[in-house]
Amino acid sequence: RAAVELARRGVDVAVASQSAWGGTSACSGSDKQTLHTANTADRGDDFRAMAAALGAGGAMDADTAYVEAVGSVRSMASLQFMGLPLPQDVLGGTLRYQTDHDEVGRATSCGPRTSRLMVKVLAQEALRLGIVIHNQTTVLRLLVEEGRCHGAVCARQRDRSEANPHGLCVVSARVVVLAGGGPGELYRDSVYPNGCFGVLGLAIEAGLDLVNLTESQFGIGTRREGFPWNLSGTYVQAMPHIHSVDSDGREHHFLSDYYRTTQELASNIFRKGYQWPFHATRMLDFGSSLVDLAIARETAAGRRVFMDFNRNPLPVGRDAAFSLDRLDGDVRAYLGAAGATQALPIDRLRHMNPLSIELYRRYKVDIAAEPLEFAVNNQHMNGGVAVDIWGRSSHPAIYAVGEAAGTHGVTRPGGAALNAGQVFGTRAAERIAATLADLAPADPASCLEPALSAILAALGGKEAPAVRAVRDEVQARMSDAAGILCDAASVRAALAEARALNARIARGGVACSRPSEAGRSVQWQQMALVSEAVLTALDHYIASGGGSRGARAILDPAGEGLPQSAQGPLEEVRFRAERAEDRDRQIVLRYRQGRFEVTERPTRRMDATRGPFFERDWPAWLTGAIYHDAGQAG
């Protein structure tokens, strides 16, 4: 989106991508986009209401939320203009439905491949505009100085030669937009496609400010070893039977240990459709996140977890068998309105979303014939590069959009990240085009030598830790110590281990056995840094008294939150409550001289009494002053 909008404004732009069509949005992606709901009276909306919903979880700048709300209208309309087939009713209104952290019904969907179709129409537009795409090009280092950007050093196979064994090349640019997604390789238990490293490592080494690295999303989905996909929406609203299998092949109806009745169990499986992400408070009062907790504990015990669409949920103990007539009121009402009253889960799923069945068949998994294995996985980084209302980072010539930007706050409605990327891709392009003439020409030679030295220092010999060893250590530590359940001692120990690993890498790099593997060695050197950054922020948050919110429950024997199960209180999962004041600030990290500095800043607020006024505000638009009013991030 950023490249398309820059090209439309006459800016010379190029895309550098490790795999132009291999990112999360294209290969795993999202099934929905969350937008302003202006089309019907029963689901009326206004921009302030949508902004409030986007930032309801806290730690989100109010102006950012408002920008995303306003920009969603143009994002949707322009995507439709480019050919995105968003569904409509007979009168032309966009069809909407309720998603997670959404009480209005702002989600719309083209089916399970919504984000893939967004990539497709934008890629077609980029090709139509003649945008240069450097594919199979891995960016290794940004070329930055105080106040100036000169581009980036990259590695690509086509440039390998005897004189240049690593295939290094330079892309010269006065401005860089970081739009490479989040750190998908950070966790072992992950729903990201393989090879999604994101750009946080690049941002750290460039000295950019980072915010909200404590905030992620976790939820149920199929593992990346097969076909990574989130199991939200109709997959769970069909209410399949969920069970585990031990090493001896015995099946366990483990959810019956957590819920008291068949009705309660089935209704909370259904609610995972629009309460998909794990949230600590939803473990209370027999809520839907008990499902996530139970699955995570089964997996930790060495059992494999499945959902079976050919069986309804089994009864809990001696309670009555599953029945569509014995479900909570909200569940009965939804299924009735959807016409999903078929006898079996597979038939309910086929009625509500037949494409969801075909999606897995494309990857040789027939959920109509066999149970589907899944787990609780890391799915999204809500934090990232600190940016202003135009997507500009703490460096005046570097922007960040999409998951690379730390704009999402603690929680967000499902599909809001797709909208945020579209909105800020456009916003960044607008400001870059309006201010490009103010920037000095790029001069990569002025800072190329230290960048090359840093890259070569990251490439270790045989005595250095191997890529696989670094990967296994980083991913296991993050999944085990920084998943949905955390405690102060484990996070502090994990941080010490991460620092030790990075000290070792700083001394000898990451082993690079062949010149063609230079890019991957540098990426794992950077991913180890990202791991330390996340753990630094999380340790700071917990040590300063931060409580459970969003992605994680902060376990504490003195905590106020005590989940209950059918077997009694779960004392080992007692957790701290969130502090209200933490919603109004963000944790900021900066990497200086080999160490992370941690500070806090209040979230940006808006003056609710000052709305736009045409005659007063038009001159700022005419003169371009709107592009200079906001200060930089940080």
# chains A, B, ... in the order shown; residues from 1 in each chain; ligands from 1
call {"tool": "residues_around", "arguments": {"residues": "stretch 272-287 of chain A", "least_positions_apart": "5", "cutoff": "8 Å", "atoms": "only C-alpha atoms", "output": "number ranges by chain"}}
result
A: 98-101, 217-220, 231-237, 258-259, 264, 292-293, 484, 548-553, 561-565
call {"tool": "select_by_dssp", "arguments": {"residues": "stretch 339-555 of chain A", "states": "strand (DSSP E or B)", "output": "PyMOL selection string"}}
result
chain A and resi 372-381+384-385+392+398-400+405+459-460+485-487+510-511+549+552-555
call {"tool": "write_last_selection", "arguments": {"atoms": "N, CA, C and O atoms", "output": "compact mmCIF listing (two decimals), in the first residue's frame"}}
result
# COMPACT_ATOMS: atom_id res chain seq x y z
N LEU A 372 -8.55 -32.18 13.40
CA LEU A 372 -7.55 -31.18 13.07
C LEU A 372 -6.72 -30.88 14.30
O LEU A 372 -7.24 -30.48 15.34
N GLU A 373 -5.41 -31.07 14.21
CA GLU A 373 -4.53 -30.78 15.34
C GLU A 373 -4.26 -29.27 15.43
O GLU A 373 -4.07 -28.60 14.42
N PHE A 374 -4.21 -28.75 16.66
CA PHE A 374 -3.98 -27.32 16.84
C PHE A 374 -3.37 -27.08 18.22
O PHE A 374 -3.19 -28.01 19.01
N ALA A 375 -3.05 -25.83 18.51
CA ALA A 375 -2.43 -25.46 19.79
C ALA A 375 -2.66 -23.97 20.02
O ALA A 375 -3.24 -23.28 19.19
N VAL A 376 -2.20 -23.47 21.17
CA VAL A 376 -2.21 -22.04 21.44
C VAL A 376 -0.89 -21.46 20.93
O VAL A 376 0.18 -21.89 21.34
N ASN A 377 -0.98 -20.50 20.01
CA ASN A 377 0.19 -19.98 19.32
C ASN A 377 0.31 -18.47 19.46
O ASN A 377 -0.69 -17.77 19.67
N ASN A 378 1.53 -17.98 19.27
CA ASN A 378 1.74 -16.55 19.11
C ASN A 378 1.28 -16.14 17.72
O ASN A 378 1.58 -16.82 16.74
N GLN A 379 0.55 -15.03 17.64
CA GLN A 379 -0.08 -14.66 16.37
C GLN A 379 0.24 -13.25 15.92
O GLN A 379 0.24 -12.98 14.73
N HIS A 380 0.48 -12.32 16.81
CA HIS A 380 0.65 -10.94 16.38
C HIS A 380 1.43 -10.16 17.43
O HIS A 380 1.22 -10.35 18.62
N MET A 381 2.33 -9.30 16.97
CA MET A 381 3.02 -8.37 17.85
C MET A 381 2.27 -7.05 17.81
O MET A 381 2.17 -6.41 16.76
N GLY A 384 5.92 -2.33 18.62
CA GLY A 384 6.84 -2.19 17.49
C GLY A 384 7.50 -0.83 17.50
O GLY A 384 7.72 -0.23 18.55
N VAL A 385 7.78 -0.30 16.30
CA VAL A 385 8.45 0.99 16.17
C VAL A 385 7.49 2.10 16.59
O VAL A 385 6.34 2.14 16.16
N ARG A 392 5.75 8.20 11.04
CA ARG A 392 7.17 8.54 11.10
C ARG A 392 7.75 8.12 12.44
O ARG A 392 7.17 8.37 13.50
N ILE A 398 12.73 7.72 8.51
CA ILE A 398 12.33 6.31 8.57
C ILE A 398 10.90 6.23 9.09
O ILE A 398 10.57 6.83 10.12
N TYR A 399 10.07 5.51 8.37
CA TYR A 399 8.67 5.31 8.71
C TYR A 399 8.43 3.83 8.98
O TYR A 399 9.20 2.97 8.53
N ALA A 400 7.37 3.54 9.71
CA ALA A 400 7.00 2.15 9.96
C ALA A 400 5.48 2.04 9.86
O ALA A 400 4.75 2.87 10.43
N ALA A 405 4.89 -1.35 13.08
CA ALA A 405 4.66 -0.15 13.89
C ALA A 405 3.97 -0.52 15.20
O ALA A 405 3.10 -1.38 15.24
N LEU A 459 28.70 -12.49 11.15
CA LEU A 459 28.92 -13.77 10.47
C LEU A 459 30.09 -14.49 11.14
O LEU A 459 31.26 -14.15 10.92
N GLY A 460 29.76 -15.43 11.99
CA GLY A 460 30.79 -16.13 12.75
C GLY A 460 31.30 -17.37 12.05
O GLY A 460 30.74 -17.84 11.05
N LEU A 485 1.23 -17.33 30.02
CA LEU A 485 1.41 -17.34 31.48
C LEU A 485 2.84 -16.92 31.80
O LEU A 485 3.80 -17.55 31.34
N CYS A 486 3.00 -15.86 32.57
CA CYS A 486 4.33 -15.35 32.93
C CYS A 486 4.41 -15.15 34.44
O CYS A 486 3.40 -14.95 35.10
N ASP A 487 5.62 -15.18 34.94
CA ASP A 487 5.83 -14.78 36.34
C ASP A 487 7.16 -14.05 36.42
O ASP A 487 8.03 -14.18 35.54
N VAL A 510 27.07 -15.26 14.59
CA VAL A 510 26.30 -16.49 14.39
C VAL A 510 26.96 -17.24 13.24
O VAL A 510 27.25 -16.65 12.19
N ALA A 511 27.19 -18.52 13.43
CA ALA A 511 27.94 -19.30 12.44
C ALA A 511 27.33 -19.17 11.05
O ALA A 511 26.11 -19.26 10.87
N ARG A 549 -2.99 -8.28 31.40
CA ARG A 549 -3.80 -7.59 30.40
C ARG A 549 -3.49 -8.18 29.04
O ARG A 549 -2.43 -8.76 28.82
N ARG A 552 -1.24 -11.66 28.17
CA ARG A 552 -0.59 -12.47 29.20
C ARG A 552 -1.25 -12.32 30.57
O ARG A 552 -1.71 -11.25 30.95
N ALA A 553 -1.23 -13.43 31.30
CA ALA A 553 -1.57 -13.42 32.72
C ALA A 553 -0.26 -13.39 33.50
O ALA A 553 0.61 -14.25 33.29
N ILE A 554 -0.10 -12.40 34.37
CA ILE A 554 1.10 -12.30 35.19
C ILE A 554 0.82 -13.06 36.49
O ILE A 554 0.09 -12.58 37.36
N LEU A 555 1.39 -14.24 36.61
CA LEU A 555 1.11 -15.10 37.75
C LEU A 555 1.73 -14.52 39.01
O LEU A 555 2.87 -14.03 38.99
call {"tool": "residues_around", "arguments": {"residues": "stretch 346-353 of chain A", "least_positions_apart": "6", "cutoff": "7 Å", "atoms": "only C-alpha atoms", "output": "list in words"}}
result
Thr234, Tyr235, Ala238, Phe309, Asn310, Ala340 and Ala368 of chain A
call {"tool": "select_by_dssp", "arguments": {"residues": "stretch 357-543 of chain A", "states": "alpha helix (DSSP H)", "output": "JSON, numbers by chain"}}
result
{"A": [357, 358, 359, 360, 361, 416, 417, 418, 419, 420, 421, 422, 423, 424, 425, 426, 427, 428, 429, 430, 431, 432, 433, 434, 435, 448, 449, 450, 451, 452, 453, 454, 455, 456, 457, 467, 468, 469, 470, 471, 472, 473, 474, 475, 476, 477, 478, 479, 480, 481, 488, 489, 490, 491, 492, 493, 494, 495, 496, 497, 498, 499, 500, 501, 502, 503, 504, 505, 506, 507, 508, 518, 519, 520, 521, 522, 523, 524, 525, 526, 527, 528, 529, 530, 531, 532, 533, 534, 535, 536, 537, 538, 539, 540, 541, 542, 543]}
call {"tool": "residues_around", "arguments": {"residues": "stretch 494-504 of chain A", "least_positions_apart": "6", "cutoff": "10 Å", "atoms": "only C-alpha atoms", "output": "compact mmCIF listing (two decimals) with C-alpha atoms, in the first residue's frame"}}
result
# COMPACT_ATOMS: atom_id res chain seq x y z
CA ALA A 464 30.16 -19.48 16.86
CA PRO A 465 26.65 -20.68 17.77
CA VAL A 470 20.23 -19.81 18.22
CA GLU A 473 17.23 -21.34 22.20
CA VAL A 474 15.40 -18.10 21.39
CA ARG A 477 12.80 -19.37 25.86
CA MET A 478 10.13 -17.06 24.48
CA ASP A 480 8.18 -21.10 27.76
CA ALA A 481 8.81 -17.84 29.66
CA ALA A 482 6.91 -15.18 27.71
CA ALA A 488 8.47 -12.37 37.58
CA VAL A 510 26.30 -16.49 14.39
CA GLN A 525 21.59 -12.31 15.26
CA GLN A 526 18.85 -9.66 15.05
CA MET A 527 16.12 -12.00 16.31
CA ALA A 528 18.20 -12.68 19.41
CA LEU A 529 18.28 -8.91 19.96
CA VAL A 530 14.50 -8.69 19.51
CA SER A 531 14.08 -11.42 22.12
CA GLU A 532 16.14 -9.45 24.62
CA ALA A 533 14.15 -6.31 23.82
CA VAL A 534 10.79 -7.99 24.47
CA LEU A 535 12.02 -9.58 27.69
CA THR A 536 13.54 -6.27 28.83
CA ALA A 537 10.20 -4.51 28.39
CA LEU A 538 8.27 -7.36 30.01
CA ASP A 539 10.66 -7.52 32.99
CA GLY A 594 24.92 -2.43 23.26
CA ARG A 595 22.23 -2.04 25.95
call {"tool": "closest_atom_pairs", "arguments": {"of": "stretch 396-432 of chain A", "to": "stretch 45-55 of chain A", "cutoff": "10 Å", "atoms": "only C-alpha atoms", "output": "JSON lines"}}
result
{"residue": "A:Thr407", "atom": "CA", "partner": "A:Gly55", "partner_atom": "CA", "distance": 9.6}
{"residue": "A:His408", "atom": "CA", "partner": "A:Gly55", "partner_atom": "CA", "distance": 7.7}
{"residue": "A:Gly409", "atom": "CA", "partner": "A:Gly55", "partner_atom": "CA", "distance": 6.4}
{"residue": "A:Val410", "atom": "CA", "partner": "A:Gly55", "partner_atom": "CA", "distance": 7.9}
{"residue": "A:Thr411", "atom": "CA", "partner": "A:Gly55", "partner_atom": "CA", "distance": 7.3}
{"residue": "A:Arg412", "atom": "CA", "partner": "A:Leu54", "partner_atom": "CA", "distance": 5.2}
{"residue": "A:Pro413", "atom": "CA", "partner": "A:Leu54", "partner_atom": "CA", "distance": 6.4}
{"residue": "A:Gly414", "atom": "CA", "partner": "A:Leu54", "partner_atom": "CA", "distance": 9.8}
{"residue": "A:Ala416", "atom": "CA", "partner": "A:Leu54", "partner_atom": "CA", "distance": 7.6}
{"residue": "A:Ala417", "atom": "CA", "partner": "A:Leu54", "partner_atom": "CA", "distance": 10.0}
call {"tool": "residues_around", "arguments": {"residues": "stretch 317-334 of chain A", "least_positions_apart": "3", "cutoff": "12 Å", "atoms": "only C-alpha atoms", "output": "PyMOL selection string"}}
result
chain A and resi 97-98+234+236-241+253-274+311-314+337-345+348+352+566-567
call {"tool": "residues_around", "arguments": {"residues": "stretch 188-197 of chain A", "least_positions_apart": "4", "cutoff": "8 Å", "atoms": "only C-alpha atoms", "output": "PyMOL selection string"}}
result
chain A and resi 23-24+27-28+181-184+221-224+228-230+375-379+472+475-476+478-479+523+527
call {"tool": "residues_around", "arguments": {"residues": "A:Leu452", "least_positions_apart": "5", "cutoff": "10 Å", "atoms": "only C-alpha atoms", "output": "ChimeraX atom specification"}}
result
/A:140-141,143,153,168,447,457-458
call {"tool": "closest_residue", "arguments": {"among": "A:Ala56, A:Ala126, A:Ala445, A:Ala77", "to": "A:Asp584", "atoms": "only C-alpha atoms"}}
result
A:Ala56
call {"tool": "closest_residue", "arguments": {"among": "A:Ala14, A:Ala2, A:Ile131, A:Val245", "to": "A:Ala428", "atoms": "only C-alpha atoms"}}
result
A:Ala2
call {"tool": "atom_distance", "arguments": {"atom1": "atom CA of A:Leu122", "atom2": "atom CA of A:Ile357"}}
result
26.3 Å
call {"tool": "atom_distance", "arguments": {"atom1": "atom CA of A:Gly302", "atom2": "atom CA of A:Arg492"}}
result
25.6 Å
call {"tool": "closest_residue", "arguments": {"among": "A:Leu456, A:Leu202, A:Leu355, A:Leu589", "to": "A:Pro165", "atoms": "only C-alpha atoms"}}
result
A:Leu456
call {"tool": "closest_residue", "arguments": {"among": "A:Leu335, A:Ala433, A:Leu213, A:Ala163", "to": "A:Ala59", "atoms": "only C-alpha atoms"}}
result
A:Leu213
